[in-house]
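One structure is given here, and the rest of the page talks about it.
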Amino acid sequence: MPGSQRPLPQEWLITDARLGDVVSIVRRLPRETGVLVRQHELPPAERRRLLRRLRWLARGRNLVIVDEADGRSARVHDARELRQALLRRSEIIFVSPVYLTRTHPGWSALPRMKAAALRQLSSKPVLALGGMDARRYRRVAPLGLAGWGGIDGWMEGRRRPSRQ
């Protein structure tokens, strides 16, 4: 993990209200997976309880829990947002959307070379976000992206992403 001796996970669950029971999903995650906690719709006290529970679950499984609200991570869509994220000293950058995704209906996927250019401009690790799963990550990994994150790929009833 940036800022510590722990390596950055390659695979990330991005939490979302659509996931339902986030704790159950986190229990089933492979070891050394990252979890970016969004859950902005939760009241503050409930969000703090969720974060405590997830951090407790993460201890024995080498999971990395990052609260999006603390600014350690940023989702960027262009060079302006990347610059803002770097000025805020975000440690992890998610470039999005690399593929079409339900999270950004009506948005076009970023051209691969734009994603690669954003990665080149960043002094921090850049991960792919938007319609991602392990298979799609293998296609964009040659661009120098450090990993990927997703929502739908981790949902119940869908094929769970596999390690490379």
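The way I read the labels, and the way they are meant: chains A, B, ... in the order of the structure tokens, residue 1 as the first residue of every chain, and ligand 1 as the first ligand shown, with later ones counted on from there.
Taking only C-alpha atoms, the non-local environment of Leu36 in chain A within 9 Å (same-chain residues fewer than 5 positions away omitted) comprises Trp12, Leu13, Ile14, Thr15, Val64, Ile65, Val66, Asp67, Glu68, Ser73 and Gly149 of chain A.
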Export of the given selection (N, CA and C atoms) as a PDB file, in the first residue's frame:
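File out_19.pdb, as written:
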```pdb
ATOM      1  N   TRP A  12      -9.609  -4.849  -6.869  1.00  0.00           N
ATOM      2  CA  TRP A  12     -10.330  -4.015  -5.911  1.00  0.00           C
ATOM      3  C   TRP A  12     -11.837  -4.178  -6.079  1.00  0.00           C
ATOM      4  N   LEU A  13     -12.517  -4.334  -4.963  1.00  0.00           N
ATOM      5  CA  LEU A  13     -13.972  -4.235  -4.920  1.00  0.00           C
ATOM      6  C   LEU A  13     -14.286  -2.766  -4.658  1.00  0.00           C
ATOM      7  N   ILE A  14     -15.140  -2.184  -5.485  1.00  0.00           N
ATOM      8  CA  ILE A  14     -15.612  -0.824  -5.270  1.00  0.00           C
ATOM      9  C   ILE A  14     -17.021  -0.953  -4.706  1.00  0.00           C
ATOM     10  N   THR A  15     -17.237  -0.518  -3.479  1.00  0.00           N
ATOM     11  CA  THR A  15     -18.556  -0.713  -2.875  1.00  0.00           C
ATOM     12  C   THR A  15     -19.556   0.267  -3.461  1.00  0.00           C
ATOM     13  N   VAL A  64      -7.047  -4.866   1.963  1.00  0.00           N
ATOM     14  CA  VAL A  64      -6.773  -3.446   2.166  1.00  0.00           C
ATOM     15  C   VAL A  64      -8.099  -2.702   2.052  1.00  0.00           C
ATOM     16  N   ILE A  65      -8.475  -1.995   3.111  1.00  0.00           N
ATOM     17  CA  ILE A  65      -9.718  -1.228   3.129  1.00  0.00           C
ATOM     18  C   ILE A  65      -9.354   0.248   3.020  1.00  0.00           C
ATOM     19  N   VAL A  66      -9.912   0.924   2.013  1.00  0.00           N
ATOM     20  CA  VAL A  66      -9.667   2.351   1.810  1.00  0.00           C
ATOM     21  C   VAL A  66     -11.014   3.053   1.785  1.00  0.00           C
ATOM     22  N   ASP A  67     -11.127   4.083   2.607  1.00  0.00           N
ATOM     23  CA  ASP A  67     -12.335   4.899   2.651  1.00  0.00           C
ATOM     24  C   ASP A  67     -12.187   6.007   1.614  1.00  0.00           C
ATOM     25  N   GLU A  68     -13.048   6.018   0.603  1.00  0.00           N
ATOM     26  CA  GLU A  68     -12.956   7.029  -0.448  1.00  0.00           C
ATOM     27  C   GLU A  68     -13.050   8.442   0.137  1.00  0.00           C
ATOM     28  N   SER A  73      -7.721   7.986  -2.169  1.00  0.00           N
ATOM     29  CA  SER A  73      -7.942   7.482  -3.526  1.00  0.00           C
ATOM     30  C   SER A  73      -8.750   8.507  -4.304  1.00  0.00           C
ATOM     31  N   GLY A 149     -10.423  -2.265 -10.608  1.00  0.00           N
ATOM     32  CA  GLY A 149     -11.483  -2.296  -9.615  1.00  0.00           C
ATOM     33  C   GLY A 149     -12.824  -2.457 -10.302  1.00  0.00           C
TER      34      GLY A 149
END
```
Exercise for review: For Trp148 in chain A, list every protein, DNA or RNA residue within 8 Å, evaluated using only C-alpha atoms, and leave out those in the same chain fewer than 2 positions away; present the list as a PyMOL selection string.
Suggested key: chain A and resi 10-12+94+127-129+132-134+137+145-146+150
Point to revise | Atom pair CA of Ser90 in chain A / CA of Lys124 in chain A: separation (Å) | key: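 Going from CA of Ser90 in chain A over to CA of Lys124 in chain A, I get 8.0 Å.
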Please build the interface table for range 65-92 of chain A against range 109-118 of chain A with a cut-off of 9 Å, listing for each qualifying residue the nearest atom pair and the distance in Å to one decimal; count only C-alpha atoms, order rows by chain and increasing number, and write it as CSV.
```
residue,atom,partner,partner_atom,distance
A:His77,CA,A:Leu110,CA,8.0
A:Asp78,CA,A:Leu118,CA,7.3
A:Ala79,CA,A:Leu118,CA,6.5
A:Leu82,CA,A:Leu118,CA,7.4
```
Could you please take those selected residues and save N, CA and C atoms as a PDB file, in the first residue's frame?
```pdb
ATOM      1  N   HIS A  77     -11.306  10.959 -14.660  1.00  0.00           N
ATOM      2  CA  HIS A  77     -11.812  10.718 -16.006  1.00  0.00           C
ATOM      3  C   HIS A  77     -11.033  11.492 -17.064  1.00  0.00           C
ATOM      4  N   ASP A  78     -10.186  12.413 -16.616  1.00  0.00           N
ATOM      5  CA  ASP A  78      -9.419  13.227 -17.568  1.00  0.00           C
ATOM      6  C   ASP A  78      -8.204  13.824 -16.853  1.00  0.00           C
ATOM      7  N   ALA A  79      -7.368  14.560 -17.611  1.00  0.00           N
ATOM      8  CA  ALA A  79      -6.132  15.124 -17.068  1.00  0.00           C
ATOM      9  C   ALA A  79      -6.400  16.165 -15.978  1.00  0.00           C
ATOM     10  N   LEU A  82      -7.118  14.300 -12.846  1.00  0.00           N
ATOM     11  CA  LEU A  82      -5.878  13.680 -12.384  1.00  0.00           C
ATOM     12  C   LEU A  82      -5.012  14.716 -11.662  1.00  0.00           C
TER      13      LEU A  82
END
```
Point to revise | Residues near Asp21 in chain A, cut-off 12 Å, only C-alpha atoms, skip fewer than 3 positions along chain, as a ChimeraX atom specification | key: /A:15-18,24-28,39,50,54,154-156
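Between CA of Ile93 in chain A and CA of Arg75 in chain A the interatomic distance comes to 6.0 Å.
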